[in-house]
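**Student:** This is the content of work.cif (mmCIF, C-alpha atoms; chains and numbers go by the auth columns):
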```
data_work
loop_
_atom_site.group_PDB
_atom_site.id
_atom_site.type_symbol
_atom_site.label_atom_id
_atom_site.label_comp_id
_atom_site.label_asym_id
_atom_site.label_seq_id
_atom_site.Cartn_x
_atom_site.Cartn_y
_atom_site.Cartn_z
_atom_site.B_iso_or_equiv
_atom_site.auth_seq_id
_atom_site.auth_asym_id
ATOM 1 C CA VAL A 1 44.440 -42.631 -159.431 0.00 1 V
ATOM 2 C CA PHE A 2 42.577 -39.503 -160.317 0.00 2 V
ATOM 3 C CA CYS A 3 42.023 -37.188 -157.374 0.00 3 V
ATOM 4 C CA PHE A 4 43.644 -36.156 -154.089 0.00 4 V
ATOM 5 C CA VAL A 5 41.664 -34.154 -151.566 0.00 5 V
ATOM 6 C CA VAL A 6 43.744 -32.594 -148.813 0.00 6 V
ATOM 7 C CA ARG A 7 42.058 -30.174 -146.445 0.00 7 V
ATOM 8 C CA THR A 8 43.226 -26.560 -146.368 0.00 8 V
ATOM 9 C CA GLY A 9 45.804 -26.136 -143.640 0.00 9 V
ATOM 10 C CA TYR A 10 47.316 -29.565 -144.352 0.00 10 V
ATOM 11 C CA ARG A 11 48.462 -28.938 -147.920 0.00 11 V
ATOM 12 C CA ARG A 12 52.111 -28.770 -149.041 0.00 12 V
ATOM 13 C CA GLN A 13 53.159 -31.245 -146.355 0.00 13 V
ATOM 14 C CA GLY A 14 53.571 -34.336 -148.551 0.00 14 V
ATOM 15 C CA LEU A 15 50.180 -35.837 -147.701 0.00 15 V
ATOM 16 C CA ALA A 16 49.243 -36.485 -151.334 0.00 16 V
ATOM 17 C CA ALA A 17 52.451 -38.495 -151.777 0.00 17 V
ATOM 18 C CA ARG A 18 51.599 -40.520 -148.660 0.00 18 V
ATOM 19 C CA LEU A 19 48.089 -41.112 -149.982 0.00 19 V
ATOM 20 C CA LEU A 20 49.627 -42.309 -153.248 0.00 20 V
ATOM 21 C CA GLU A 21 51.855 -44.746 -151.319 0.00 21 V
ATOM 22 C CA GLY A 22 48.705 -46.130 -149.701 0.00 22 V
ATOM 23 C CA VAL A 23 46.968 -46.520 -153.062 0.00 23 V
ATOM 24 C CA ILE A 24 49.974 -48.405 -154.465 0.00 24 V
ATOM 25 C CA GLU A 25 50.092 -50.739 -151.456 0.00 25 V
ATOM 26 C CA TYR A 26 46.337 -51.329 -151.649 0.00 26 V
ATOM 27 C CA GLY A 27 46.589 -52.107 -155.377 0.00 27 V
ATOM 28 C CA ARG A 28 49.395 -54.595 -154.753 0.00 28 V
ATOM 29 C CA ARG A 29 47.498 -56.349 -151.951 0.00 29 V
ATOM 30 C CA ARG A 30 44.371 -56.615 -154.090 0.00 30 V
ATOM 31 C CA GLY A 31 46.280 -58.010 -157.097 0.00 31 V
ATOM 32 C CA ALA A 32 45.873 -55.047 -159.448 0.00 32 V
ATOM 33 C CA PRO A 33 48.100 -55.498 -162.517 0.00 33 V
ATOM 34 C CA ALA A 34 48.841 -51.771 -162.813 0.00 34 V
ATOM 35 C CA LEU A 35 47.791 -48.283 -161.759 0.00 35 V
ATOM 36 C CA GLU A 36 47.280 -45.334 -164.091 0.00 36 V
ATOM 37 C CA SER A 37 46.988 -41.618 -163.536 0.00 37 V
ATOM 38 C CA TYR A 38 46.681 -38.343 -165.459 0.00 38 V
ATOM 39 C CA PRO A 39 48.723 -35.805 -163.448 0.00 39 V
ATOM 40 C CA ILE A 40 49.626 -32.304 -164.524 0.00 40 V
ATOM 41 C CA ASP A 41 53.106 -31.280 -165.604 0.00 41 V
ATOM 42 C CA PRO A 42 53.741 -27.901 -163.958 0.00 42 V
ATOM 43 C CA GLN A 43 56.889 -27.426 -166.069 0.00 43 V
ATOM 44 C CA GLY A 44 58.787 -25.900 -163.141 0.00 44 V
ATOM 45 C CA LYS A 45 55.996 -23.462 -162.253 0.00 45 V
ATOM 46 C CA ARG A 46 54.234 -23.217 -158.917 0.00 46 V
ATOM 47 C CA VAL A 47 50.750 -24.690 -159.232 0.00 47 V
ATOM 48 C CA SER A 48 47.608 -23.553 -157.474 0.00 48 V
ATOM 49 C CA THR A 49 46.264 -26.244 -155.164 0.00 49 V
ATOM 50 C CA SER A 50 42.939 -25.772 -156.980 0.00 50 V
ATOM 51 C CA PHE A 51 44.476 -27.478 -160.007 0.00 51 V
ATOM 52 C CA ALA A 52 46.914 -29.867 -158.327 0.00 52 V
ATOM 53 C CA TYR A 53 44.165 -32.228 -157.153 0.00 53 V
ATOM 54 C CA VAL A 54 45.230 -34.701 -159.876 0.00 54 V
ATOM 55 C CA GLY A 55 48.813 -34.748 -158.608 0.00 55 V
ATOM 56 C CA THR A 56 51.971 -33.744 -160.408 0.00 56 V
ATOM 57 C CA VAL A 57 54.181 -35.697 -162.793 0.00 57 V
ATOM 58 C CA SER A 58 57.128 -35.421 -160.395 0.00 58 V
ATOM 59 C CA MET A 59 55.154 -36.911 -157.494 0.00 59 V
ATOM 60 C CA PHE A 60 54.142 -39.895 -159.616 0.00 60 V
ATOM 61 C CA GLU A 61 57.669 -40.328 -160.988 0.00 61 V
ATOM 62 C CA ARG A 62 59.036 -40.441 -157.421 0.00 62 V
ATOM 63 C CA ALA A 63 56.531 -43.245 -156.743 0.00 63 V
ATOM 64 C CA GLY A 64 57.826 -45.231 -159.749 0.00 64 V
ATOM 65 C CA PHE A 65 55.226 -44.319 -162.384 0.00 65 V
ATOM 66 C CA GLN A 66 56.390 -43.879 -165.978 0.00 66 V
ATOM 67 C CA LYS A 67 55.174 -41.361 -168.527 0.00 67 V
ATOM 68 C CA ILE A 68 53.248 -43.166 -171.263 0.00 68 V
ATOM 69 C CA VAL A 69 51.797 -40.445 -173.460 0.00 69 V
ATOM 70 C CA LEU A 70 51.113 -36.724 -173.312 0.00 70 V
ATOM 71 C CA THR A 71 47.339 -36.253 -173.512 0.00 71 V
ATOM 72 C CA ALA A 72 45.356 -33.468 -175.143 0.00 72 V
ATOM 73 C CA SER A 73 43.870 -32.635 -171.719 0.00 73 V
ATOM 74 C CA GLN A 74 44.994 -29.664 -169.672 0.00 74 V
ATOM 75 C CA SER A 75 44.339 -28.280 -166.190 0.00 75 V
ATOM 76 C CA ALA A 76 44.971 -24.577 -165.644 0.00 76 V
ATOM 77 C CA GLY A 77 46.631 -24.525 -169.072 0.00 77 V
ATOM 78 C CA LEU A 78 49.161 -27.170 -167.994 0.00 78 V
ATOM 79 C CA PRO A 79 49.578 -30.452 -169.883 0.00 79 V
ATOM 80 C CA ARG A 80 48.466 -33.766 -168.406 0.00 80 V
ATOM 81 C CA TRP A 81 50.284 -37.064 -168.917 0.00 81 V
ATOM 82 C CA LEU A 82 49.007 -40.611 -168.860 0.00 82 V
ATOM 83 C CA MET A 83 51.327 -42.349 -166.389 0.00 83 V
ATOM 84 C CA ARG A 84 51.452 -46.008 -165.379 0.00 84 V
ATOM 85 C CA LEU A 85 52.950 -48.146 -162.641 0.00 85 V
ATOM 86 C CA ASN A 86 53.083 -51.894 -163.284 0.00 86 V
ATOM 87 C CA LEU A 87 52.424 -53.794 -160.059 0.00 87 V
ATOM 88 C CA GLN A 88 52.815 -57.352 -161.327 0.00 88 V
ATOM 89 C CA PRO A 89 56.413 -58.538 -161.912 0.00 89 V
ATOM 90 C CA ASN A 90 55.339 -60.648 -164.906 0.00 90 V
ATOM 91 C CA LEU A 91 54.033 -57.630 -166.839 0.00 91 V
ATOM 92 C CA LYS A 92 56.277 -56.171 -169.490 0.00 92 V
ATOM 93 C CA PRO A 93 57.552 -52.784 -168.353 0.00 93 V
ATOM 94 C CA THR A 94 56.034 -49.905 -170.244 0.00 94 V
ATOM 95 C CA LYS A 95 58.315 -47.557 -172.108 0.00 95 V
ATOM 96 C CA PRO A 96 57.604 -43.866 -172.389 0.00 96 V
ATOM 97 C CA ASN A 97 56.406 -42.767 -175.802 0.00 97 V
ATOM 98 C CA SER A 98 57.074 -39.497 -177.550 0.00 98 V
ATOM 99 C CA PRO A 99 54.619 -36.752 -176.646 0.00 99 V
ATOM 100 C CA THR A 100 51.628 -36.544 -178.956 0.00 100 V
ATOM 101 C CA SER A 101 48.896 -34.046 -179.451 0.00 101 V
ATOM 102 C CA GLY A 102 46.122 -36.494 -178.608 0.00 102 V
ATOM 103 C CA PRO A 103 45.191 -39.123 -176.076 0.00 103 V
ATOM 104 C CA SER A 104 46.418 -42.694 -176.326 0.00 104 V
ATOM 105 C CA THR A 105 44.162 -45.304 -177.833 0.00 105 V
#
```
Could you rewrite the structure in this file as structure tokens?

**Tutor:**
Amino acid sequence: VFCFVVRTGYRRQGLAARLLEGVIEYGRRRGAPALESYPIDPQGKRVSTSFAYVGTVSMFERAGFQKIVLTASQSAGLPRWLMRLNLQPNLKPTKPNSPTSGPST
């Protein structure tokens, strides 16, 4: 899950979260084992919608995603996390790792 496009005038109404719900349901129906994303962590700051197109950590956490690793990537100077949601009950749950300075391998 890498990009949310919400038209000006419809932003800040929870539409990205609803789109994410649809992606999760679609992934489940199609048998995807997991979904991954690289949202920004605004660290309590207000984020420009120009940089929030990847979603925020809190939105993904509310949808059940777990932080896996802090990446070296940034958007608008804000850190981006690799986050994952396991969709198959037989998959081992992922456990969050300690933040690192580089991407996961």

**Student:** I would like the residues chosen by the PyMOL selection byres ((chain V and resi 14-29) around 7) on the shown file; could you give them as a list in words?

**Tutor:**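 Taken on the displayed file, the PyMOL selection byres ((chain V and resi 14-29) around 7) yields the residues Phe4, Arg12, Gln13, Arg30, Gly31, Ala32, Met59 and Leu87 of chain V.
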
**Student:** Tell me, as an MDAnalysis selection string, which residues lie within 9 Å of stretch 74-83 of chain V, counting only C-alpha atoms; anything in the same chain fewer than 2 positions away does not count.

**Tutor:** chainID V and resid 35:43 47:48 50:52 56:57 60:61 65:72 85 96 99 103:104

**Student:** Record the distance separating atom CA of V:Ser73 and atom CA of V:Phe2, expressed in Å with one decimal.

**Tutor:** 13.4 Å

**Student:** Restricting the calculation to all atoms listed in the file, which member of V:Arg46, V:Val54, V:Gly64, V:Thr8 is positioned closest to V:Arg84?

**Tutor:** V:Gly64

**Student:** Smallest atom-to-atom distance to V:Val6: which of V:Ala34, V:Tyr53, V:Asn86, V:Ala63, using all atoms listed in the file?

**Tutor:**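 Using all atoms listed in the file, V:Val6 sits closest to V:Tyr53.
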